file my_file-v4.txt (compact mmCIF, C-alpha atoms and all ligand atoms)
# COMPACT_ATOMS: atom_id res chain seq x y z
CA MET A 128 -15.66 -55.69 34.08
CA ASN A 129 -16.52 -56.96 37.55
CA GLU A 130 -16.02 -60.77 37.76
CA GLU A 131 -19.39 -61.52 39.38
CA LEU A 132 -21.19 -59.55 36.67
CA LYS A 133 -19.12 -61.26 33.97
CA ASP A 134 -20.10 -64.65 35.44
CA TYR A 135 -23.79 -63.80 35.31
CA LEU A 136 -23.52 -62.59 31.70
CA SER A 137 -21.67 -65.71 30.57
CA ALA A 138 -24.92 -67.68 31.00
CA ILE A 139 -26.74 -65.74 28.25
CA GLN A 140 -27.71 -67.68 25.16
CA GLN A 141 -29.49 -66.46 22.04
CA PRO A 142 -33.26 -66.83 21.66
CA ASP A 143 -34.30 -70.22 20.25
CA LYS A 144 -34.61 -69.79 16.45
CA LYS A 145 -36.51 -73.06 16.02
CA ALA A 146 -39.25 -72.06 18.48
CA MET A 147 -39.50 -68.71 16.68
CA GLU A 148 -39.82 -70.39 13.29
CA THR A 149 -42.59 -72.65 14.65
CA ALA A 150 -44.37 -69.62 16.10
CA ARG A 151 -44.20 -67.75 12.75
CA LEU A 152 -45.61 -70.81 11.03
CA ARG A 153 -48.44 -71.02 13.56
CA TRP A 154 -49.34 -67.35 12.91
CA ALA A 155 -49.36 -68.06 9.15
CA HIS A 156 -51.93 -70.83 9.69
CA VAL A 157 -54.28 -68.76 11.87
CA ALA A 158 -57.41 -67.92 9.83
CA LYS A 159 -56.82 -64.20 9.47
CA PRO A 160 -54.93 -61.98 7.04
CA LEU A 161 -51.17 -62.51 7.19
CA ASN A 162 -49.29 -60.31 9.69
CA SER A 163 -52.53 -58.49 10.53
CA LEU A 164 -51.77 -58.31 14.26
CA GLY A 165 -48.57 -56.46 13.41
CA VAL A 166 -46.09 -55.96 16.24
CA LEU A 167 -48.23 -58.17 18.50
CA GLU A 168 -47.38 -61.12 16.24
CA ASP A 169 -43.67 -60.26 16.33
CA ASP A 170 -43.78 -60.02 20.13
CA ILE A 171 -45.39 -63.46 20.49
CA VAL A 172 -42.70 -64.90 18.19
CA LYS A 173 -40.06 -63.17 20.29
CA ILE A 174 -41.53 -64.64 23.49
CA ALA A 175 -41.49 -68.14 21.93
CA GLY A 176 -37.76 -67.67 21.20
CA ILE A 177 -36.98 -66.38 24.68
CA ARG A 178 -38.91 -69.16 26.43
CA GLU A 179 -37.60 -71.82 23.97
CA ASN A 180 -41.18 -72.96 23.53
CA SER A 181 -43.63 -72.22 20.73
CA LEU A 182 -46.51 -72.86 23.17
CA VAL A 183 -46.70 -69.32 24.56
CA THR A 184 -48.08 -68.77 28.04
CA LEU A 185 -48.24 -65.46 29.92
CA LYS A 186 -49.97 -66.80 33.01
CA LYS A 187 -47.65 -65.46 35.69
CA ARG A 188 -46.57 -61.86 35.26
CA GLY A 189 -44.78 -59.58 37.68
CA LEU A 190 -43.91 -55.89 37.83
CA LEU A 191 -40.70 -54.83 39.56
CA ILE A 192 -40.89 -51.16 40.60
CA LEU A 193 -37.48 -49.81 41.52
CA CYS A 194 -37.67 -46.81 43.87
CA ALA A 195 -34.70 -44.52 44.50
CA ASP A 196 -33.77 -40.93 45.22
CA ASN A 197 -31.44 -38.70 43.27
CA GLY A 198 -29.09 -36.13 44.86
CA ILE A 199 -29.36 -33.90 41.78
CA VAL A 200 -32.83 -32.83 43.02
CA GLU A 201 -30.96 -30.32 45.25
CA GLU A 202 -30.32 -28.27 42.11
CA GLY A 203 -34.00 -27.40 41.58
CA VAL A 204 -34.55 -29.61 38.52
CA THR A 205 -37.93 -31.04 39.61
CA GLN A 206 -41.39 -29.70 40.27
CA THR A 207 -41.89 -31.62 43.51
CA GLY A 208 -39.56 -32.33 46.43
CA MET A 209 -37.52 -35.46 47.00
CA GLU A 210 -39.83 -36.57 49.87
CA VAL A 211 -42.47 -37.56 47.25
CA THR A 212 -40.45 -40.64 46.26
CA ALA A 213 -40.83 -42.21 49.70
CA VAL A 214 -44.52 -41.33 50.01
CA VAL A 215 -45.42 -42.82 46.60
CA ALA A 216 -43.23 -45.88 47.26
CA GLU A 217 -45.02 -46.52 50.58
CA ASN A 218 -48.39 -46.04 48.88
CA MET A 219 -47.37 -48.68 46.34
CA THR A 220 -46.98 -51.22 49.15
CA ARG A 221 -50.62 -50.50 50.08
CA GLY A 222 -51.80 -50.96 46.50
CA ASN A 223 -52.48 -47.26 46.27
CA SER A 224 -50.64 -45.83 43.27
CA SER A 225 -51.71 -45.47 39.63
CA VAL A 226 -49.79 -48.52 38.52
CA CYS A 227 -51.13 -50.71 41.34
CA ILE A 228 -54.68 -50.05 40.18
CA MET A 229 -53.75 -50.79 36.56
CA ALA A 230 -51.79 -53.91 37.54
CA LYS A 231 -54.75 -55.29 39.49
CA ARG A 232 -56.94 -54.95 36.39
CA ALA A 233 -54.24 -56.51 34.16
CA GLY A 234 -53.55 -59.42 36.55
CA VAL A 235 -49.95 -58.48 37.27
CA ASP A 236 -48.25 -59.03 40.66
CA VAL A 237 -46.53 -55.90 41.96
CA PHE A 238 -43.13 -55.91 43.68
CA PRO A 239 -42.05 -52.48 45.00
CA VAL A 240 -38.30 -52.45 45.63
CA ASP A 241 -36.37 -49.93 47.71
CA MET A 242 -33.15 -49.53 45.70
CA GLY A 243 -32.09 -46.32 47.41
CA VAL A 244 -34.85 -44.12 48.77
CA ALA A 245 -33.56 -41.27 50.96
CA ARG A 246 -35.25 -42.54 54.14
CA ASP A 247 -36.32 -45.87 55.62
CA LEU A 248 -39.69 -46.98 54.31
CA GLU A 249 -42.65 -48.54 56.07
CA SER A 250 -44.29 -51.35 54.19
CA GLY A 251 -47.99 -51.96 53.73
CA SER A 252 -49.27 -55.50 53.41
CA THR A 253 -50.83 -55.45 49.90
CA TYR A 254 -47.50 -55.54 48.06
CA PRO A 255 -44.77 -55.97 50.71
CA LEU A 256 -41.66 -53.88 50.20
CA ILE A 257 -38.50 -55.60 49.03
CA ASN A 258 -35.58 -53.85 50.72
CA ARG A 259 -32.46 -53.76 48.52
CA LYS A 260 -31.29 -50.30 49.52
CA ILE A 261 -27.83 -49.54 48.16
CA ALA A 262 -27.64 -46.13 49.91
CA TYR A 263 -29.91 -43.32 51.10
CA GLY A 264 -30.08 -41.70 47.64
CA THR A 265 -27.30 -40.84 45.21
CA LYS A 266 -25.03 -37.80 45.51
CA ASN A 267 -25.61 -34.54 43.64
CA PHE A 268 -23.84 -35.14 40.31
CA SER A 269 -23.31 -31.44 39.68
CA LYS A 270 -20.83 -31.62 42.60
CA THR A 271 -19.46 -35.17 42.57
CA ASN A 272 -20.09 -38.60 41.06
CA ALA A 273 -23.63 -39.83 41.78
CA MET A 274 -22.29 -43.15 43.06
CA THR A 275 -19.17 -45.29 43.15
CA ARG A 276 -18.46 -47.89 40.46
CA ASN A 277 -18.95 -50.53 43.13
CA GLU A 278 -22.41 -49.19 43.99
CA ALA A 279 -23.37 -49.17 40.30
CA VAL A 280 -22.27 -52.79 39.90
CA GLN A 281 -24.05 -53.81 43.12
CA ALA A 282 -27.27 -52.19 41.86
CA ILE A 283 -26.98 -53.98 38.49
CA ILE A 284 -26.39 -57.31 40.24
CA THR A 285 -29.40 -56.62 42.49
CA GLY A 286 -31.54 -56.21 39.35
CA ILE A 287 -30.22 -59.48 37.95
CA GLN A 288 -30.97 -61.24 41.25
CA LEU A 289 -34.53 -59.86 41.33
CA MET A 290 -35.07 -61.52 37.95
CA GLY A 291 -33.53 -64.71 39.34
CA GLU A 292 -36.19 -64.63 42.07
CA LEU A 293 -38.99 -64.13 39.53
CA SER A 294 -37.56 -67.04 37.55
CA GLU A 295 -37.57 -69.30 40.64
CA LYS A 296 -41.20 -68.35 41.27
CA GLY A 297 -42.14 -69.37 37.72
CA TYR A 298 -42.91 -65.98 36.19
CA ASP A 299 -43.50 -65.97 32.42
CA LEU A 300 -43.29 -62.22 31.89
CA ALA A 301 -41.64 -59.32 33.73
CA ALA A 302 -42.50 -55.64 33.55
CA THR A 303 -40.25 -52.75 34.59
CA GLY A 304 -41.30 -49.71 36.57
CA GLU A 305 -39.64 -47.03 38.69
CA MET A 306 -40.37 -44.23 41.10
CA GLY A 307 -37.82 -41.53 41.83
CA ILE A 308 -38.11 -37.79 41.84
CA GLY A 309 -35.31 -36.44 39.64
CA ASN A 310 -34.86 -39.59 37.58
CA THR A 311 -35.66 -37.86 34.28
CA THR A 312 -32.62 -35.63 34.94
CA THR A 313 -30.36 -38.64 35.51
CA SER A 314 -31.93 -40.40 32.51
CA SER A 315 -31.37 -37.47 30.14
CA ALA A 316 -27.74 -37.19 31.26
CA VAL A 317 -27.16 -40.93 30.81
CA ALA A 318 -28.91 -40.86 27.40
CA ALA A 319 -26.75 -37.94 26.24
CA LEU A 320 -23.57 -39.79 27.23
CA LEU A 321 -24.70 -43.09 25.66
CA LEU A 322 -25.92 -41.54 22.43
CA LYS A 323 -23.19 -38.86 22.32
CA GLN A 324 -25.93 -36.33 21.60
CA ASP A 325 -26.59 -32.81 22.83
CA PRO A 326 -28.74 -33.20 25.98
CA MET A 327 -30.98 -30.29 24.86
CA GLY A 328 -32.98 -32.56 22.55
CA LEU A 329 -33.11 -35.34 25.15
CA THR A 330 -34.41 -33.32 28.08
CA GLY A 331 -38.07 -32.68 28.88
CA ARG A 332 -40.34 -31.62 31.71
CA GLY A 333 -40.37 -34.94 33.59
CA ALA A 334 -43.15 -34.81 36.17
CA GLY A 335 -44.59 -31.46 35.12
CA LEU A 336 -41.60 -29.12 35.45
CA ASN A 337 -42.27 -25.40 34.78
CA ASP A 338 -40.40 -23.22 32.23
CA ALA A 339 -37.84 -21.77 34.67
CA GLY A 340 -37.13 -25.26 36.02
CA LEU A 341 -36.64 -26.67 32.54
CA ILE A 342 -34.01 -24.03 31.72
CA LYS A 343 -32.18 -24.91 34.95
CA LYS A 344 -32.47 -28.65 34.29
CA ARG A 345 -31.01 -28.33 30.79
CA LYS A 346 -28.08 -26.25 32.09
CA VAL A 347 -27.32 -28.72 34.90
CA ILE A 348 -27.35 -31.66 32.49
CA GLN A 349 -25.31 -29.87 29.82
CA GLU A 350 -22.60 -28.92 32.32
CA ALA A 351 -22.46 -32.43 33.77
CA VAL A 352 -22.23 -34.10 30.37
CA ALA A 353 -19.39 -31.78 29.34
CA ARG A 354 -17.59 -32.45 32.63
CA TYR A 355 -17.99 -36.23 32.84
CA SER A 356 -17.85 -37.31 29.18
CA PRO A 357 -14.01 -37.38 28.88
CA ASN A 358 -13.78 -39.84 31.80
CA CYS A 359 -16.63 -42.17 30.87
CA GLN A 360 -15.02 -45.27 29.37
CA ASP A 361 -17.96 -47.66 29.78
CA GLU A 362 -21.58 -47.90 30.91
CA ILE A 363 -20.60 -48.40 34.56
CA ASP A 364 -18.64 -45.13 34.43
CA ILE A 365 -21.71 -43.38 32.99
CA LEU A 366 -23.97 -44.80 35.71
CA SER A 367 -21.49 -43.84 38.44
CA ALA A 368 -21.14 -40.30 37.11
CA VAL A 369 -24.76 -39.28 36.49
CA GLY A 370 -26.99 -42.34 36.98
CA GLY A 371 -29.34 -43.52 39.69
CA PHE A 372 -29.88 -46.71 41.70
CA ASP A 373 -33.19 -47.24 39.88
CA LEU A 374 -31.51 -46.94 36.46
CA ALA A 375 -28.70 -49.30 37.47
CA GLY A 376 -31.11 -51.82 38.98
CA MET A 377 -33.33 -51.75 35.90
CA THR A 378 -30.26 -52.32 33.73
CA GLY A 379 -29.76 -55.48 35.78
CA ILE A 380 -33.40 -56.46 35.25
CA PHE A 381 -32.97 -56.30 31.46
CA LEU A 382 -29.72 -58.30 31.67
CA GLY A 383 -31.52 -60.72 34.00
CA GLY A 384 -34.25 -61.18 31.38
CA ALA A 385 -31.61 -62.50 28.99
CA ILE A 386 -29.90 -64.62 31.68
CA TYR A 387 -33.09 -66.23 33.02
CA ARG A 388 -34.92 -66.18 29.67
CA ILE A 389 -37.90 -64.13 30.78
CA PRO A 390 -39.25 -61.46 28.40
CA VAL A 391 -39.01 -58.00 29.99
CA LEU A 392 -41.41 -55.20 29.12
CA LEU A 393 -39.98 -51.71 28.89
CA ASP A 394 -41.99 -48.89 30.38
CA GLY A 395 -41.24 -45.26 29.49
CA PHE A 396 -38.25 -42.96 29.21
CA ILE A 397 -36.31 -44.04 32.31
CA SER A 398 -36.86 -47.70 31.55
CA ALA A 399 -35.72 -47.21 27.93
CA VAL A 400 -32.47 -45.61 29.12
CA ALA A 401 -31.83 -48.65 31.32
CA ALA A 402 -32.67 -50.92 28.38
CA LEU A 403 -30.07 -49.13 26.25
CA LEU A 404 -27.49 -49.45 29.05
CA ALA A 405 -28.18 -53.21 29.13
CA GLU A 406 -27.92 -53.48 25.34
CA ARG A 407 -24.59 -51.66 25.41
CA ILE A 408 -23.28 -53.87 28.24
CA TYR A 409 -24.43 -57.05 26.47
CA PRO A 410 -25.18 -56.50 22.77
CA GLY A 411 -28.15 -58.66 21.79
CA CYS A 412 -29.87 -58.17 25.15
CA ARG A 413 -32.63 -56.28 23.29
CA ASP A 414 -33.83 -59.57 21.80
CA PHE A 415 -35.21 -60.32 25.28
CA MET A 416 -37.06 -56.98 25.55
CA ILE A 417 -40.57 -55.94 24.55
CA ALA A 418 -41.41 -52.27 24.04
CA SER A 419 -44.75 -51.21 25.51
CA HIS A 420 -45.33 -47.52 24.74
CA VAL A 421 -43.59 -44.38 23.54
CA SER A 422 -43.08 -41.95 26.40
CA ALA A 423 -44.07 -38.35 25.76
CA GLU A 424 -40.62 -37.30 27.01
CA PRO A 425 -38.62 -36.10 23.97
CA ALA A 426 -36.10 -38.94 24.16
CA GLY A 427 -38.75 -41.67 24.37
CA ARG A 428 -38.95 -42.33 20.64
CA ILE A 429 -35.22 -41.73 20.03
CA LEU A 430 -34.28 -44.46 22.51
CA LEU A 431 -36.71 -47.02 21.08
CA GLU A 432 -35.34 -46.31 17.61
CA GLU A 433 -31.80 -46.78 18.88
CA LEU A 434 -32.87 -50.10 20.41
CA GLU A 435 -34.77 -51.03 17.22
CA LEU A 436 -37.82 -51.93 19.29
CA SER A 437 -41.39 -51.31 18.09
CA PRO A 438 -43.85 -50.09 20.74
CA LEU A 439 -47.44 -51.32 20.95
CA ILE A 440 -48.96 -48.11 22.31
CA GLN A 441 -48.64 -44.41 21.61
CA ALA A 442 -50.84 -42.60 24.09
CA GLY A 443 -48.84 -39.58 25.23
CA MET A 444 -48.19 -41.25 28.60
CA CYS A 445 -45.28 -40.22 30.85
CA LEU A 446 -46.33 -41.36 34.32
CA GLY A 447 -43.67 -43.95 35.01
CA GLU A 448 -44.18 -46.54 37.81
CA GLY A 449 -44.55 -49.15 35.04
CA THR A 450 -47.94 -47.85 33.85
CA GLY A 451 -47.06 -48.10 30.15
CA ALA A 452 -45.68 -51.61 30.57
CA ILE A 453 -48.83 -52.73 32.37
CA ALA A 454 -51.05 -51.18 29.68
CA ALA A 455 -49.37 -53.49 27.16
CA VAL A 456 -50.00 -56.69 29.13
CA PRO A 457 -53.70 -57.18 28.16
CA LEU A 458 -52.75 -56.55 24.51
CA LEU A 459 -50.08 -59.24 24.66
CA GLN A 460 -52.51 -61.59 26.42
CA MET A 461 -55.12 -61.05 23.69
CA ALA A 462 -52.51 -61.78 21.03
CA ALA A 463 -51.40 -64.91 22.89
CA ASP A 464 -55.04 -66.07 23.09
CA VAL A 465 -55.54 -65.66 19.32
CA TYR A 466 -52.20 -67.36 18.67
CA SER A 467 -53.05 -70.31 20.94
CA THR A 468 -56.76 -70.87 20.36
CA MET A 469 -57.90 -69.39 17.04
CA SER A 470 -58.89 -71.81 14.26
CA SER A 471 -56.53 -72.39 11.39
CA PHE A 472 -57.38 -72.08 7.70
CA GLU A 473 -57.39 -75.89 7.57
CA ASP A 474 -59.90 -76.09 10.49
CA ILE A 475 -62.41 -73.82 8.79
CA GLU A 476 -61.75 -75.34 5.38
CA ILE A 477 -60.56 -72.24 3.57
CA GLU A 478 -57.65 -72.59 1.22
CA ALA A 479 -54.56 -70.95 2.71
CA TYR A 480 -54.81 -67.20 2.55
CA LYS A 481 -53.57 -65.66 -0.65
CA PRO A 482 -53.28 -61.91 -0.90
CA MET A 483 -55.71 -60.46 -3.47
CA GLU A 484 -54.16 -59.67 -6.79
CA GLU A 485 -53.91 -56.02 -7.79
CA PRO A 486 -56.89 -55.12 -10.04
CA SER A 487 -55.61 -54.61 -13.59
O1 LIG B 501 -41.72 -43.06 32.30
C1 LIG B 501 -41.66 -41.94 31.79
O2 LIG B 501 -41.54 -41.77 30.58
C2 LIG B 501 -41.69 -40.75 32.74
C3 LIG B 501 -41.58 -39.47 32.23
C4 LIG B 501 -41.65 -38.42 33.10
C5 LIG B 501 -41.78 -38.62 34.49
N1 LIG B 501 -41.87 -39.88 34.97
C6 LIG B 501 -42.02 -40.10 36.44
O3 LIG B 501 -41.84 -38.90 37.14
C7 LIG B 501 -40.75 -38.95 38.04
C8 LIG B 501 -39.56 -38.26 37.49
O4 LIG B 501 -39.83 -36.95 37.08
P1 LIG B 501 -38.84 -35.78 37.55
O5 LIG B 501 -39.43 -34.54 36.93
O6 LIG B 501 -38.92 -35.79 39.04
O7 LIG B 501 -37.52 -36.14 37.01
C9 LIG B 501 -40.44 -40.42 38.25
O8 LIG B 501 -41.00 -40.88 39.43
C10 LIG B 501 -41.03 -41.10 37.01
O9 LIG B 501 -41.67 -42.29 37.36
C11 LIG B 501 -41.83 -40.94 34.13
C1 LIG B 502 -47.39 -37.76 42.66
C2 LIG B 502 -46.35 -38.40 41.77
C3 LIG B 502 -46.49 -39.73 41.40
C4 LIG B 502 -45.53 -40.30 40.55
N1 LIG B 502 -45.40 -41.53 40.05
C5 LIG B 502 -44.29 -41.56 39.31
N2 LIG B 502 -43.71 -40.39 39.35
C6 LIG B 502 -44.44 -39.55 40.11
C7 LIG B 502 -44.28 -38.22 40.48
C8 LIG B 502 -45.24 -37.63 41.30
C9 LIG B 502 -45.08 -36.19 41.67
call {"tool": "encode", "arguments": {"input": "my_file-v4.txt", "output": "structure tokens", "more": "lines below"}}
Ligand SMILES: O=C(O)c1ccc[n+]([C@@H]2O[C@H](COP(=O)([O-])O)[C@@H](O)[C@H]2O)c1
Ligand SMILES: Cc1cc2nc[nH]c2cc1C
result
Amino acid sequence: MNEELKDYLSAIQQPDKKAMETARLRWAHVAKPLNSLGVLEDDIVKIAGIRENSLVTLKKRGLLILCADNGIVEEGVTQTGMEVTAVVAENMTRGNSSVCIMAKRAGVDVFPVDMGVARDLESGSTYPLINRKIAYGTKNFSKTNAMTRNEAVQAIITGIQLMGELSEKGYDLAATGEMGIGNTTTSSAVAALLLKQDPMGLTGRGAGLNDAGLIKKRKVIQEAVARYSPNCQDEIDILSAVGGFDLAGMTGIFLGGAIYRIPVLLDGFISAVAALLAERIYPGCRDFMIASHVSAEPAGRILLEELELSPLIQAGMCLGEGTGAIAAVPLLQMAADVYSTMSSFEDIEIEAYKPMEEPS
């Protein structure tokens, strides 16, 4: 592995078990039925472990939206043209995309990042663009590798550094998002190589692809997986062969979550593929991740199961941009409020909760 990447990863330490134990105990004292906030309780305990502090705060939260183009779009695997990536990315900088509206409501700061959009972007002033362009889009992986190993590593390191910047600014929670026409094709190909599964069951319609397009998309992915799989020795090889700059950067964001001890919310399908790449690069990285929703893309649930992460929301969403991750933020905030401020059994003078006995 690349020495710089190895250096970054050497800083990772496990979540703090003591803070997690204290958090579990606190939940047990809250005057409500045991475990009745389900996964929300587990997520608050997880956050306590990541932050090494049982006093959980989610005050400062940021969404990193990685924008990039994918050469594979040339093959007719998407419903819209590649130019849409740049237009939506520019709109994000003006606060005018679905996720920007949701993030405003949820109190999340938005950071659009150009990881590799096919043209230069103009920035609006609402959420200024962060320019980390690796190249003007990847290459068409049905003809040649999408990127070089060096580009894949640089994109991963960029993701790690973005988390370093959030850490320096005092962020308590990070959310992942992406924008890139064609990135469900790259994601299905990466998922098939990681899971060693037939891409048929891992490939869906992405952003509204029609029937003829779906047949084409499946064929393109199947051929690429067959061609590249013998030469893919590690995750960097997989990213170089069929990945994207958004996927590689998001992989770095998840690794960065573990390095800088900031919980990172997954979004949908693309984000879950990056999360699995990070987990494979650094096993245990998933302990720093929080699943938000289950994408309607066919691989959405499969990837979360592989990562052993429990989502908070199932709403048939598949928009991307970080919309699912943002939808989970108010839920986590509500759970954190109950955890931090709700009376205990002792406060309200009820004997500690005992489950009712089964009627005989
Ligand atoms: O997050 C998801 O689960 C998701 C599922 C399907 C599509 N998307 C979004 O749609 C775009 C990719 O779709 P496509 O068909 O161009 O590959 C990309 O910009 C994603 O943000 C996102
Ligand atoms: C309009 C549009 C917005 C998106 N946001 C994320 N992916 C997208 C794809 C399209 C086509």
call {"tool": "closest_residue", "arguments": {"input": "my_file-v4.txt", "among": "A:Ala282, A:Lys231, A:Leu289, A:Lys266", "to": "Ala454 in chain A", "atoms": "all atoms listed in the file"}}
result
A:Lys231
call {"tool": "closest_residue", "arguments": {"input": "my_file-v4.txt", "among": "A:Val226, A:Ile365, A:Leu329, A:Leu191", "to": "ligand LIG 502 (chain B)", "atoms": "all atoms listed in the file"}}
result
A:Val226
call {"tool": "residues_near_ligand", "arguments": {"input": "my_file-v4.txt", "ligand": "ligand LIG 502 (chain B)", "cutoff": "8 Å", "atoms": "all atoms listed in the file", "output": "list of chain:residue names"}}
result
A:Gln206, A:Thr207, A:Val211, A:Thr212, A:Val215, A:Ser224, A:Ser225, A:Glu305, A:Met306, A:Gly307, A:Ile308, A:Ala334, A:Leu446, A:Gly447, A:Glu448
call {"tool": "write_last_selection", "arguments": {"input": "my_file-v4.txt", "atoms": "C-alpha atoms", "output": "PDB file, keeping the file's coordinate frame"}}
result
ATOM      1  CA  GLN A 206     -41.390 -29.700  40.270  1.00  0.00           C
ATOM      2  CA  THR A 207     -41.890 -31.620  43.510  1.00  0.00           C
ATOM      3  CA  VAL A 211     -42.470 -37.560  47.250  1.00  0.00           C
ATOM      4  CA  THR A 212     -40.450 -40.640  46.260  1.00  0.00           C
ATOM      5  CA  VAL A 215     -45.420 -42.820  46.600  1.00  0.00           C
ATOM      6  CA  SER A 224     -50.640 -45.830  43.270  1.00  0.00           C
ATOM      7  CA  SER A 225     -51.710 -45.470  39.630  1.00  0.00           C
ATOM      8  CA  GLU A 305     -39.640 -47.030  38.690  1.00  0.00           C
ATOM      9  CA  MET A 306     -40.370 -44.230  41.100  1.00  0.00           C
ATOM     10  CA  GLY A 307     -37.820 -41.530  41.830  1.00  0.00           C
ATOM     11  CA  ILE A 308     -38.110 -37.790  41.840  1.00  0.00           C
ATOM     12  CA  ALA A 334     -43.150 -34.810  36.170  1.00  0.00           C
ATOM     13  CA  LEU A 446     -46.330 -41.360  34.320  1.00  0.00           C
ATOM     14  CA  GLY A 447     -43.670 -43.950  35.010  1.00  0.00           C
ATOM     15  CA  GLU A 448     -44.180 -46.540  37.810  1.00  0.00           C
TER      16      GLU A 448
END
call {"tool": "residues_near_point", "arguments": {"input": "my_file-v4.txt", "point": "(-36.1, -32.3, 41.7)", "cutoff": "10 Å", "atoms": "all atoms listed in the file", "output": "list in words"}}
result
Asp196, Asn197, Gly198, Ile199, Val200, Glu201, Glu202, Gly203, Val204, Thr205, Gln206, Thr207, Gly208, Met209, Glu210, Val211, Gly307, Ile308, Gly309, Asn310, Thr311, Thr312, Gly333, Ala334, Leu336, Gly340 and Lys344 of chain A
call {"tool": "atom_distance", "arguments": {"input": "my_file-v4.txt", "atom1": "CA of Ala150 in chain A", "atom2": "CA of Ser181 in chain A"}}
result
5.4 Å
call {"tool": "residues_around", "arguments": {"input": "my_file-v4.txt", "residues": "range 458-469 of chain A", "least_positions_apart": "5", "cutoff": "8 Å", "atoms": "all atoms listed in the file", "output": "compact mmCIF listing (two decimals) with C-alpha atoms, in the coordinates of the input"}}
result
# COMPACT_ATOMS: atom_id res chain seq x y z
CA ARG A 153 -48.44 -71.02 13.56
CA TRP A 154 -49.34 -67.35 12.91
CA VAL A 157 -54.28 -68.76 11.87
CA ALA A 158 -57.41 -67.92 9.83
CA LEU A 164 -51.77 -58.31 14.26
CA LEU A 167 -48.23 -58.17 18.50
CA GLU A 168 -47.38 -61.12 16.24
CA ASP A 170 -43.78 -60.02 20.13
CA ILE A 171 -45.39 -63.46 20.49
CA LEU A 182 -46.51 -72.86 23.17
CA VAL A 183 -46.70 -69.32 24.56
CA THR A 184 -48.08 -68.77 28.04
CA LEU A 185 -48.24 -65.46 29.92
call {"tool": "atom_distance", "arguments": {"input": "my_file-v4.txt", "atom1": "CA of Gly331 in chain A", "atom2": "CA of Thr220 in chain A"}}
result
28.9 Å
call {"tool": "closest_residue", "arguments": {"input": "my_file-v4.txt", "among": "A:Ile417, A:Ile477, A:Ala301, A:Ala401", "to": "Val237 in chain A", "atoms": "only C-alpha atoms"}}
result
A:Ala301
call {"tool": "residues_around", "arguments": {"input": "my_file-v4.txt", "residues": "range 136-148 of chain A", "least_positions_apart": "3", "cutoff": "7 Å", "atoms": "all atoms listed in the file", "output": "number ranges by chain"}}
result
A: 132-133, 151-152, 172-173, 175-177, 179-181, 385-386
call {"tool": "closest_residue", "arguments": {"input": "my_file-v4.txt", "among": "A:Glu473, A:Asp414, A:Glu433, A:Asp241", "to": "Leu321 in chain A", "atoms": "only C-alpha atoms"}}
result
A:Glu433
call {"tool": "closest_residue", "arguments": {"input": "my_file-v4.txt", "among": "A:Gly328, A:Gly304, A:Gly165, A:Pro438", "to": "ligand LIG 501 (chain B)", "atoms": "all atoms listed in the file"}}
result
A:Gly304
call {"tool": "closest_residue", "arguments": {"input": "my_file-v4.txt", "among": "A:Ile380, A:Leu293, A:Ile397, A:Val240", "to": "ligand LIG 501 (chain B)", "atoms": "only C-alpha atoms and all ligand atoms"}}
result
A:Ile397
call {"tool": "atom_distance", "arguments": {"input": "my_file-v4.txt", "atom1": "CA of Ser437 in chain A", "atom2": "CA of Val421 in chain A"}}
result
9.1 Å
call {"tool": "residues_around", "arguments": {"input": "my_file-v4.txt", "residues": "range 227-230 of chain A", "least_positions_apart": "3", "cutoff": "10 Å", "atoms": "all atoms listed in the file", "output": "list in words"}}
result
Arg188, Gly189, Leu190, Asn218, Met219, Thr220, Arg221, Gly222, Asn223, Ser224, Ala233, Gly234, Val235, Asp236, Val237, Phe238, Pro239, Thr253, Tyr254, Glu448, Gly449, Thr450, Gly451, Ala452, Ile453, Ala454 and Val456 of chain A
call {"tool": "residues_around", "arguments": {"input": "my_file-v4.txt", "residues": "range 369-378 of chain A", "least_positions_apart": "3", "cutoff": "7 Å", "atoms": "only C-alpha atoms", "output": "tab-separated table (two decimals) with C-alpha atoms, in the coordinates of the input"}}
result
chain	number	residue	atom	x	y	z
A	193	LEU	CA	-37.48	-49.81	41.52
A	194	CYS	CA	-37.67	-46.81	43.87
A	195	ALA	CA	-34.70	-44.52	44.50
A	197	ASN	CA	-31.44	-38.70	43.27
A	242	MET	CA	-33.15	-49.53	45.70
A	243	GLY	CA	-32.09	-46.32	47.41
A	265	THR	CA	-27.30	-40.84	45.21
A	268	PHE	CA	-23.84	-35.14	40.31
A	272	ASN	CA	-20.09	-38.60	41.06
A	273	ALA	CA	-23.63	-39.83	41.78
A	279	ALA	CA	-23.37	-49.17	40.30
A	282	ALA	CA	-27.27	-52.19	41.86
A	283	ILE	CA	-26.98	-53.98	38.49
A	285	THR	CA	-29.40	-56.62	42.49
A	286	GLY	CA	-31.54	-56.21	39.35
A	305	GLU	CA	-39.64	-47.03	38.69
A	313	THR	CA	-30.36	-38.64	35.51
A	314	SER	CA	-31.93	-40.40	32.51
A	316	ALA	CA	-27.74	-37.19	31.26
A	317	VAL	CA	-27.16	-40.93	30.81
A	365	ILE	CA	-21.71	-43.38	32.99
A	366	LEU	CA	-23.97	-44.80	35.71
A	381	PHE	CA	-32.97	-56.30	31.46
A	382	LEU	CA	-29.72	-58.30	31.67
A	397	ILE	CA	-36.31	-44.04	32.31
A	398	SER	CA	-36.86	-47.70	31.55
A	401	ALA	CA	-31.83	-48.65	31.32
A	402	ALA	CA	-32.67	-50.92	28.38
A	404	LEU	CA	-27.49	-49.45	29.05
A	405	ALA	CA	-28.18	-53.21	29.13
